[in-house]
$ cat model34.cif   # mmCIF, C-alpha atoms and all ligand atoms
data_work
loop_
_atom_site.label_atom_id
_atom_site.label_comp_id
_atom_site.auth_asym_id
_atom_site.auth_seq_id
_atom_site.Cartn_x
_atom_site.Cartn_y
_atom_site.Cartn_z
CA MET A 1 -5.73 46.08 -39.63
CA GLN A 2 -9.40 45.12 -39.98
CA LEU A 3 -11.96 44.70 -37.23
CA LEU A 4 -13.92 41.46 -37.05
CA ASN A 5 -17.35 42.93 -36.39
CA GLY A 6 -19.27 40.53 -34.15
CA LYS A 7 -22.36 42.72 -34.10
CA GLU A 8 -22.73 42.60 -37.86
CA VAL A 9 -22.00 38.90 -38.31
CA SER A 10 -24.17 38.03 -35.32
CA ALA A 11 -27.10 40.00 -36.79
CA ALA A 12 -26.69 38.10 -40.07
CA VAL A 13 -26.75 34.73 -38.27
CA ARG A 14 -29.83 35.78 -36.30
CA GLU A 15 -31.57 36.92 -39.46
CA ARG A 16 -30.87 33.54 -41.06
CA VAL A 17 -32.25 31.76 -37.98
CA ARG A 18 -35.31 34.02 -37.98
CA ARG A 19 -36.08 33.23 -41.61
CA GLU A 20 -35.64 29.50 -41.10
CA THR A 21 -37.83 29.65 -38.00
CA ALA A 22 -40.58 31.33 -40.00
CA ALA A 23 -40.31 28.56 -42.60
CA LEU A 24 -40.49 25.91 -39.85
CA ALA A 25 -43.70 27.48 -38.53
CA GLU A 26 -45.37 26.41 -41.77
CA LYS A 27 -44.58 22.82 -40.80
CA GLY A 28 -46.09 23.43 -37.36
CA VAL A 29 -42.71 23.49 -35.59
CA LYS A 30 -41.72 26.27 -33.20
CA PRO A 31 -38.29 25.88 -31.57
CA GLY A 32 -38.47 26.05 -27.76
CA LEU A 33 -35.63 26.88 -25.38
CA ALA A 34 -35.67 26.51 -21.59
CA VAL A 35 -33.10 28.53 -19.68
CA ILE A 36 -32.38 27.75 -16.03
CA ILE A 37 -30.65 30.22 -13.77
CA VAL A 38 -29.97 29.56 -10.10
CA GLY A 39 -29.11 32.35 -7.67
CA ASP A 40 -28.48 36.01 -8.32
CA ASP A 41 -25.11 36.35 -10.06
CA PRO A 42 -25.50 39.72 -11.84
CA ALA A 43 -23.46 38.79 -14.94
CA SER A 44 -25.49 35.58 -15.37
CA GLN A 45 -28.73 37.54 -15.07
CA VAL A 46 -27.66 39.83 -17.91
CA TYR A 47 -26.66 36.86 -20.11
CA VAL A 48 -29.95 35.07 -19.46
CA ARG A 49 -31.99 38.19 -20.19
CA ASN A 50 -30.15 38.57 -23.50
CA LYS A 51 -30.77 34.93 -24.38
CA GLU A 52 -34.50 35.40 -23.78
CA LYS A 53 -34.54 38.57 -25.87
CA ALA A 54 -32.76 36.79 -28.71
CA CYS A 55 -35.35 33.98 -28.59
CA ALA A 56 -38.19 36.47 -28.98
CA GLU A 57 -36.35 38.19 -31.83
CA VAL A 58 -35.95 35.04 -33.93
CA GLY A 59 -39.43 33.71 -33.13
CA PHE A 60 -38.66 30.94 -30.63
CA TYR A 61 -40.76 29.91 -27.67
CA SER A 62 -38.75 30.34 -24.47
CA GLU A 63 -39.15 29.63 -20.79
CA LYS A 64 -37.01 31.00 -18.02
CA TYR A 65 -36.63 29.22 -14.70
CA ALA A 66 -35.13 31.63 -12.17
CA LEU A 67 -34.53 29.49 -9.10
CA PRO A 68 -33.43 30.78 -5.68
CA SER A 69 -29.87 30.05 -4.51
CA SER A 70 -31.40 27.78 -1.86
CA THR A 71 -32.44 25.32 -4.61
CA THR A 72 -31.34 21.74 -3.89
CA GLN A 73 -29.63 19.42 -6.33
CA GLN A 74 -32.75 17.20 -6.27
CA GLN A 75 -35.00 20.12 -7.23
CA LEU A 76 -32.69 21.17 -10.05
CA ASN A 77 -32.37 17.59 -11.28
CA SER A 78 -36.11 17.02 -11.33
CA LEU A 79 -36.66 20.21 -13.33
CA VAL A 80 -34.14 18.99 -15.93
CA ARG A 81 -35.84 15.57 -16.06
CA GLU A 82 -39.21 17.25 -16.62
CA LEU A 83 -37.81 19.44 -19.43
CA ASN A 84 -36.17 16.41 -21.05
CA GLU A 85 -39.65 14.90 -21.45
CA ARG A 86 -41.34 18.02 -22.86
CA ARG A 87 -42.14 17.91 -26.60
CA ASP A 88 -42.33 21.72 -26.86
CA ILE A 89 -38.86 22.25 -25.37
CA ASN A 90 -36.07 21.47 -27.84
CA GLY A 91 -33.15 23.03 -26.01
CA ILE A 92 -32.20 23.12 -22.31
CA LEU A 93 -29.55 25.41 -20.94
CA CYS A 94 -28.45 25.72 -17.35
CA GLN A 95 -26.56 28.98 -16.90
CA LEU A 96 -23.17 28.52 -15.24
CA PRO A 97 -21.67 29.05 -12.74
CA LEU A 98 -24.08 27.41 -10.30
CA PRO A 99 -23.98 28.26 -6.58
CA ALA A 100 -21.17 26.33 -4.84
CA HIS A 101 -23.43 23.69 -3.22
CA LEU A 102 -24.73 22.51 -6.61
CA ASN A 103 -22.88 20.11 -8.90
CA ASP A 104 -22.78 21.41 -12.47
CA LYS A 105 -21.37 18.14 -13.84
CA GLU A 106 -24.40 16.27 -12.51
CA VAL A 107 -26.83 18.71 -14.18
CA ILE A 108 -24.98 18.74 -17.49
CA GLU A 109 -24.93 14.94 -17.65
CA LEU A 110 -28.64 14.80 -16.89
CA ILE A 111 -29.61 17.01 -19.86
CA ASP A 112 -30.73 14.92 -22.83
CA PRO A 113 -27.77 15.20 -25.28
CA ALA A 114 -30.30 15.93 -28.07
CA LYS A 115 -31.42 19.03 -26.13
CA ASP A 116 -27.95 20.08 -24.97
CA VAL A 117 -27.70 23.32 -26.97
CA ASP A 118 -24.58 24.38 -25.01
CA ALA A 119 -22.83 21.18 -26.21
CA PHE A 120 -21.47 20.61 -22.70
CA HIS A 121 -22.68 16.99 -22.31
CA PRO A 122 -19.83 14.43 -22.52
CA VAL A 123 -21.61 12.74 -25.45
CA ASN A 124 -21.57 15.99 -27.43
CA VAL A 125 -18.01 16.81 -26.34
CA GLY A 126 -16.94 13.36 -27.56
CA ARG A 127 -18.76 13.81 -30.86
CA ILE A 128 -16.97 17.11 -31.41
CA MET A 129 -13.64 15.38 -30.94
CA ILE A 130 -14.58 12.80 -33.59
CA GLY A 131 -15.82 15.56 -35.90
CA ASP A 132 -19.36 14.16 -36.08
CA TYR A 133 -21.56 16.61 -34.24
CA ASP A 134 -24.94 18.37 -34.28
CA PHE A 135 -24.07 21.13 -31.81
CA LEU A 136 -20.95 23.16 -31.27
CA PRO A 137 -20.33 25.08 -28.05
CA CYS A 138 -21.50 28.64 -28.67
CA THR A 139 -18.31 30.64 -28.15
CA PRO A 140 -15.95 28.54 -30.31
CA ALA A 141 -18.68 28.17 -32.94
CA GLY A 142 -19.14 31.95 -32.99
CA ILE A 143 -15.40 32.44 -33.44
CA MET A 144 -15.27 30.04 -36.39
CA GLU A 145 -18.22 31.91 -37.94
CA LEU A 146 -16.37 35.24 -37.54
CA ILE A 147 -13.22 33.80 -39.13
CA LYS A 148 -15.22 32.30 -42.02
CA SER A 149 -17.26 35.43 -42.63
CA ALA A 150 -14.07 37.45 -43.14
CA GLY A 151 -12.82 34.88 -45.66
CA ILE A 152 -9.72 34.13 -43.56
CA GLU A 153 -7.85 31.06 -44.78
CA THR A 154 -7.27 28.53 -41.98
CA ARG A 155 -5.76 25.65 -43.93
CA GLY A 156 -2.14 25.06 -42.98
CA LYS A 157 -2.10 28.00 -40.58
CA LYS A 158 -0.56 27.88 -37.12
CA ALA A 159 -3.15 28.52 -34.42
CA VAL A 160 -2.36 29.10 -30.77
CA VAL A 161 -5.18 28.97 -28.23
CA VAL A 162 -4.27 30.53 -24.90
CA GLY A 163 -6.54 28.96 -22.28
CA ARG A 164 -7.75 25.38 -21.80
CA SER A 165 -11.27 25.59 -20.39
CA ASN A 166 -13.89 23.01 -21.35
CA ILE A 167 -16.21 25.78 -22.59
CA VAL A 168 -13.77 27.68 -24.81
CA GLY A 169 -10.11 26.65 -25.01
CA LYS A 170 -10.38 22.89 -25.59
CA PRO A 171 -13.27 22.88 -28.10
CA MET A 172 -11.76 25.93 -29.86
CA ALA A 173 -8.54 24.01 -30.45
CA MET A 174 -10.53 21.09 -31.84
CA LEU A 175 -12.51 23.26 -34.29
CA LEU A 176 -9.33 24.94 -35.54
CA LEU A 177 -7.82 21.48 -36.00
CA HIS A 178 -10.90 20.38 -37.99
CA SER A 179 -10.38 23.41 -40.21
CA ASP A 180 -6.83 22.30 -41.00
CA CYS A 181 -4.83 24.50 -38.64
CA THR A 182 -1.80 23.21 -36.78
CA VAL A 183 -2.87 23.87 -33.21
CA GLU A 184 -1.04 24.52 -29.98
CA ILE A 185 -2.83 25.02 -26.66
CA ALA A 186 -0.99 27.26 -24.22
CA HIS A 187 -1.94 27.98 -20.61
CA SER A 188 -0.70 29.40 -17.32
CA LYS A 189 1.94 26.67 -16.90
CA THR A 190 3.33 27.02 -20.44
CA PRO A 191 6.95 28.15 -20.28
CA ASN A 192 7.79 31.02 -22.65
CA LEU A 193 4.13 31.70 -23.35
CA ALA A 194 5.02 34.92 -25.17
CA GLU A 195 7.29 33.03 -27.55
CA THR A 196 4.60 30.41 -28.21
CA ALA A 197 1.93 33.04 -28.82
CA LYS A 198 4.21 34.79 -31.29
CA THR A 199 4.30 31.71 -33.54
CA ALA A 200 0.53 32.07 -34.18
CA ASP A 201 -1.04 33.07 -37.48
CA ILE A 202 -4.33 32.81 -35.58
CA LEU A 203 -4.14 33.66 -31.88
CA VAL A 204 -7.13 33.02 -29.62
CA ALA A 205 -6.97 34.59 -26.15
CA ALA A 206 -9.26 32.92 -23.62
CA VAL A 207 -7.47 33.42 -20.33
CA GLY A 208 -9.75 35.77 -18.39
CA LYS A 209 -6.97 38.25 -17.53
CA PRO A 210 -7.32 41.89 -18.63
CA LYS A 211 -4.88 42.94 -21.40
CA PHE A 212 -2.82 39.77 -20.90
CA ILE A 213 -1.78 39.54 -24.58
CA THR A 214 0.62 42.38 -25.32
CA ALA A 215 2.01 43.56 -28.66
CA ASP A 216 5.36 41.78 -28.18
CA MET A 217 3.47 38.42 -28.04
CA VAL A 218 1.84 38.87 -31.45
CA LYS A 219 3.31 37.99 -34.83
CA PRO A 220 2.94 40.86 -37.31
CA GLY A 221 -0.06 40.15 -39.54
CA ALA A 222 -1.67 37.65 -37.16
CA VAL A 223 -5.43 37.22 -36.72
CA VAL A 224 -6.20 37.96 -33.05
CA ILE A 225 -9.40 36.70 -31.41
CA ASP A 226 -10.20 38.07 -27.97
CA VAL A 227 -12.62 36.01 -25.86
CA GLY A 228 -12.00 38.05 -22.71
CA MET A 229 -14.67 40.01 -20.88
CA ASN A 230 -12.90 41.83 -18.06
CA ARG A 231 -12.83 45.18 -16.30
CA ASP A 232 -9.63 47.21 -16.48
CA GLU A 233 -8.15 49.33 -13.64
CA ASN A 234 -10.72 52.06 -14.39
CA GLY A 235 -13.67 49.66 -14.38
CA LYS A 236 -13.96 49.84 -18.16
CA LEU A 237 -14.88 46.69 -20.11
CA CYS A 238 -11.80 45.16 -21.75
CA GLY A 239 -10.64 41.89 -23.24
CA ASP A 240 -7.67 39.59 -22.69
CA VAL A 241 -5.80 41.51 -25.39
CA ASP A 242 -4.14 44.90 -25.00
CA PHE A 243 -6.21 46.13 -27.96
CA GLU A 244 -4.68 49.58 -28.33
CA ASN A 245 -1.14 48.27 -28.79
CA VAL A 246 -1.92 44.93 -30.46
CA ALA A 247 -4.36 46.21 -33.12
CA PRO A 248 -1.68 48.00 -35.20
CA VAL A 249 0.37 44.75 -35.36
CA CYS A 250 -2.32 42.35 -36.66
CA SER A 251 -4.27 41.79 -39.86
CA TYR A 252 -7.62 41.17 -38.13
CA ILE A 253 -8.72 41.63 -34.53
CA THR A 254 -11.97 41.32 -32.59
CA PRO A 255 -12.91 44.33 -30.45
CA VAL A 256 -14.26 44.02 -26.89
CA PRO A 257 -17.14 44.66 -26.69
CA GLY A 258 -18.62 43.95 -30.14
CA GLY A 259 -16.42 41.03 -31.22
CA VAL A 260 -16.86 37.48 -29.91
CA GLY A 261 -19.52 38.40 -27.33
CA PRO A 262 -22.46 39.07 -29.66
CA MET A 263 -21.70 35.87 -31.60
CA THR A 264 -22.29 33.47 -28.72
CA ILE A 265 -26.02 34.04 -28.32
CA SER A 266 -26.57 33.86 -32.08
CA MET A 267 -24.88 30.46 -32.11
CA LEU A 268 -27.16 29.38 -29.26
CA MET A 269 -30.13 30.33 -31.44
CA GLN A 270 -28.58 28.33 -34.27
CA ASN A 271 -28.14 25.27 -32.00
CA THR A 272 -31.72 25.53 -30.74
CA LEU A 273 -33.02 25.67 -34.31
CA THR A 274 -30.94 22.59 -35.17
CA ALA A 275 -32.27 20.78 -32.09
CA ALA A 276 -35.87 21.57 -33.07
CA LYS A 277 -35.31 20.31 -36.61
CA LEU A 278 -33.66 17.08 -35.51
CA GLN A 279 -36.34 16.36 -32.91
CA ASN A 280 -38.97 16.79 -35.63
CA GLY A 281 -37.24 14.59 -38.15
CA ILE A 282 -36.13 17.50 -40.34
CA ARG A 283 -32.58 17.51 -41.66
CA PRO A 284 -30.70 20.61 -40.46
N1 LIG B 301 -21.70 30.76 -18.46
C1 LIG B 301 -20.79 31.43 -19.19
N2 LIG B 301 -20.86 31.04 -20.49
C2 LIG B 301 -21.84 30.13 -20.56
C3 LIG B 301 -22.40 29.38 -21.63
O1 LIG B 301 -21.99 29.46 -22.79
N3 LIG B 301 -23.41 28.55 -21.31
C4 LIG B 301 -23.86 28.42 -20.04
N4 LIG B 301 -24.84 27.56 -19.81
N5 LIG B 301 -23.38 29.09 -19.02
C5 LIG B 301 -22.37 29.94 -19.29
#

$ encode --input "model34.cif" --output "structure tokens"
Amino acid sequence: MQLLNGKEVSAAVRERVRRETAALAEKGVKPGLAVIIVGDDPASQVYVRNKEKACAEVGFYSEKYALPSSTTQQQLNSLVRELNERRDINGILCQLPLPAHLNDKEVIELIDPAKDVDAFHPVNVGRIMIGDYDFLPCTPAGIMELIKSAGIETRGKKAVVVGRSNIVGKPMAMLLLHSDCTVEIAHSKTPNLAETAKTADILVAAVGKPKFITADMVKPGAVVIDVGMNRDENGKLCGDVDFENVAPVCSYITPVPGGVGPMTISMLMQNTLTAAKLQNGIRP
């Protein structure tokens, strides 16, 4: 069994972005990212802080808008409209989840698709389905990068994605399909989920339930990707995969933490760089 080391691969991606950003500076272009966070969700605050840190590390300009939970939809919308018009802001990201009184769909659809570095806008989602895209959603893109970096063959392989969210499960299935896997999407209403999971050469767990994928659900030699970020019964960080018992069964596995997690922000940096290039007429 080999670990897919997200920290290492993520550092390599960031280094590549940093070098390209330095080269862009010579053309007078500095990628700019605006991050909006509404309310005081502690997990979101950590994510946003890490996104800002990553921007500084690779040499981007960044702005953080920390808005109170009392923010109205109109206020949020007008901020997005303003950022859409700014020449120095190439990427706009609104951290989810939003407080319950705000409509995330409305915000996402208001972001200029050219600045939608999360790739959540319906235009970008549609372009991913066609296979003609500029941005990929960060988590699935990070997973594909991890798979590629290990030299894992995807062509003709059976992939099972457990979970069907718009952010991870659905786009993940599409990217695996683009890379010539035969893909099945399983979810909470799938009968015999264990049996389905066990057919996978590449198994992606994105369910949000601690240690949900157990050893009996994994084909020997499978590649196991764990998107989960949960707390176990002792409050310890754990994934959707029962790592201790699954690891001995598979060929490759991502640890939690240190697997998929570190990749996501690096892919956000990559998307922001791409956005800056495209908006300045430079081919990515
Ligand atoms: N909340 C959890 N993951 C994400 C993400 O990738 N982007 C945004 N904007 N919010 C999130």

$ closest_residue --input "model34.cif" --among "A:Asn192, A:Ala275, A:Lys27, A:Val223" --to "Ala150 of chain A" --atoms "all atoms listed in the file"
A:Val223

$ closest_residue --input "model34.cif" --among "A:Gly235, A:Pro248, A:Gly32, A:Pro255" --to "Gly221 of chain A" --atoms "all atoms listed in the file"
A:Pro248

$ atom_distance --input "model34.cif" --atom1 "atom CA of Gly239 of chain A" --atom2 "atom CA of Pro210 of chain A"
5.7 Å

$ closest_residue --input "model34.cif" --among "A:Cys250, A:Met269, A:Ala56, A:Leu24" --to "ligand LIG 301 (chain B)" --atoms "only C-alpha atoms and all ligand atoms"
A:Met269

$ closest_atom_pairs --input "model34.cif" --of "chain A" --to "ligand LIG 301 (chain B)" --cutoff "8 Å" --atoms "all atoms listed in the file" --output "CSV"
residue,atom,partner,partner_atom,distance
A:Ser44,CA,B:LIG301,N1,6.9
A:Leu93,CA,B:LIG301,N4,5.3
A:Cys94,CA,B:LIG301,N4,4.7
A:Gln95,CA,B:LIG301,N4,3.7
A:Leu96,CA,B:LIG301,N5,3.8
A:Pro97,CA,B:LIG301,N1,6.0
A:Asp118,CA,B:LIG301,N3,5.7
A:Pro137,CA,B:LIG301,O1,7.0
A:Cys138,CA,B:LIG301,O1,6.0
A:Thr139,CA,B:LIG301,O1,6.6
A:Ile167,CA,B:LIG301,O1,6.9
A:Thr264,CA,B:LIG301,O1,7.2

$ closest_residue --input "model34.cif" --among "A:Asn271, A:Asn103, A:Asn280, A:Asn230" --to "Lys211 of chain A" --atoms "all atoms listed in the file"
A:Asn230

$ closest_residue --input "model34.cif" --among "A:Val58, A:Leu102, A:Cys181, A:Ala173" --to "Ala141 of chain A" --atoms "all atoms listed in the file"
A:Ala173

$ atom_distance --input "model34.cif" --atom1 "atom CA of Ile92 of chain A" --atom2 "atom CA of Ile111 of chain A"
7.1 Å

$ residues_near_point --input "model34.cif" --point "(-14.9, 17.8, -37.3)" --cutoff "12 Å" --atoms "all atoms listed in the file" --output "VMD selection string"
chain A and resid 125 to 136 141 171 to 180

$ write_last_selection --input "model34.cif" --atoms "C-alpha atoms" --output "short mmCIF file (atom, residue, chain, number, x, y, z; two decimals), in the coordinates of the input"
data_model
loop_
_atom_site.label_atom_id
_atom_site.label_comp_id
_atom_site.auth_asym_id
_atom_site.auth_seq_id
_atom_site.Cartn_x
_atom_site.Cartn_y
_atom_site.Cartn_z
CA VAL A 125 -18.01 16.81 -26.34
CA GLY A 126 -16.94 13.36 -27.56
CA ARG A 127 -18.76 13.81 -30.86
CA ILE A 128 -16.97 17.11 -31.41
CA MET A 129 -13.64 15.38 -30.94
CA ILE A 130 -14.58 12.80 -33.59
CA GLY A 131 -15.82 15.56 -35.90
CA ASP A 132 -19.36 14.16 -36.08
CA TYR A 133 -21.56 16.61 -34.24
CA ASP A 134 -24.94 18.37 -34.28
CA PHE A 135 -24.07 21.13 -31.81
CA LEU A 136 -20.95 23.16 -31.27
CA ALA A 141 -18.68 28.17 -32.94
CA PRO A 171 -13.27 22.88 -28.10
CA MET A 172 -11.76 25.93 -29.86
CA ALA A 173 -8.54 24.01 -30.45
CA MET A 174 -10.53 21.09 -31.84
CA LEU A 175 -12.51 23.26 -34.29
CA LEU A 176 -9.33 24.94 -35.54
CA LEU A 177 -7.82 21.48 -36.00
CA HIS A 178 -10.90 20.38 -37.99
CA SER A 179 -10.38 23.41 -40.21
CA ASP A 180 -6.83 22.30 -41.00
#

$ atom_distance --input "model34.cif" --atom1 "atom CA of Val249 of chain A" --atom2 "atom CA of Pro220 of chain A"
5.1 Å

$ axis_aligned_box --input "model34.cif" --around "segment 55-63 of chain A" --padding-each-side "6 Å" --output "AutoDock Vina command-line options"
--center_x -38.1 --center_y 33.9 --center_z -27.4 --size_x 17.4 --size_y 20.6 --size_z 25.1

$ residues_around --input "model34.cif" --residues "segment 194-201 of chain A" --least-positions-apart "3" --cutoff "12 Å" --atoms "all atoms listed in the file" --output "PyMOL selection string"
chain A and resi 152-163+176+181-188+190-191+204-205+212-225+241+246+249-253

$ residues_around --input "model34.cif" --residues "Pro68 of chain A" --least-positions-apart "2" --cutoff "9 Å" --atoms "all atoms listed in the file" --output "list of chain:residue names"
A:Ile37, A:Val38, A:Gly39, A:Asp40, A:Ala66, A:Ser70, A:Thr71

$ residues_around --input "model34.cif" --residues "Phe60 of chain A" --least-positions-apart "3" --cutoff "12 Å" --atoms "only C-alpha atoms" --output "PyMOL selection string"
chain A and resi 14+17-22+24-25+29-34+51-57+63+88-91+268-270+272-273+276

$ closest_residue --input "model34.cif" --among "A:Ile202, A:Ala100, A:Leu79, A:Ile143" --to "Asp41 of chain A" --atoms "all atoms listed in the file"
A:Ala100

$ decode --input "model34.cif" --residues "segment 210-228 of chain A" --atoms "C-alpha atoms" --output "mmCIF file, in the first residue's frame"
data_model
loop_
_atom_site.group_PDB
_atom_site.id
_atom_site.type_symbol
_atom_site.label_atom_id
_atom_site.label_comp_id
_atom_site.auth_asym_id
_atom_site.auth_seq_id
_atom_site.Cartn_x
_atom_site.Cartn_y
_atom_site.Cartn_z
ATOM 1 C CA PRO A 210 -16.833 9.133 9.702
ATOM 2 C CA LYS A 211 -15.264 5.769 8.748
ATOM 3 C CA PHE A 212 -18.229 4.925 6.512
ATOM 4 C CA ILE A 213 -16.126 2.898 4.028
ATOM 5 C CA THR A 214 -15.026 -0.296 5.739
ATOM 6 C CA ALA A 215 -12.540 -2.928 4.564
ATOM 7 C CA ASP A 216 -15.262 -5.328 3.366
ATOM 8 C CA MET A 217 -16.426 -2.637 0.861
ATOM 9 C CA VAL A 218 -13.041 -2.339 -0.842
ATOM 10 C CA LYS A 219 -11.692 -4.486 -3.664
ATOM 11 C CA PRO A 220 -8.163 -5.713 -2.919
ATOM 12 C CA GLY A 221 -5.689 -3.486 -4.773
ATOM 13 C CA ALA A 222 -8.132 -0.595 -5.227
ATOM 14 C CA VAL A 223 -7.126 3.084 -5.188
ATOM 15 C CA VAL A 224 -9.042 4.719 -2.320
ATOM 16 C CA ILE A 225 -9.593 8.490 -2.207
ATOM 17 C CA ASP A 226 -10.999 9.909 1.019
ATOM 18 C CA VAL A 227 -12.652 13.333 0.764
ATOM 19 C CA GLY A 228 -14.065 13.186 4.298
#
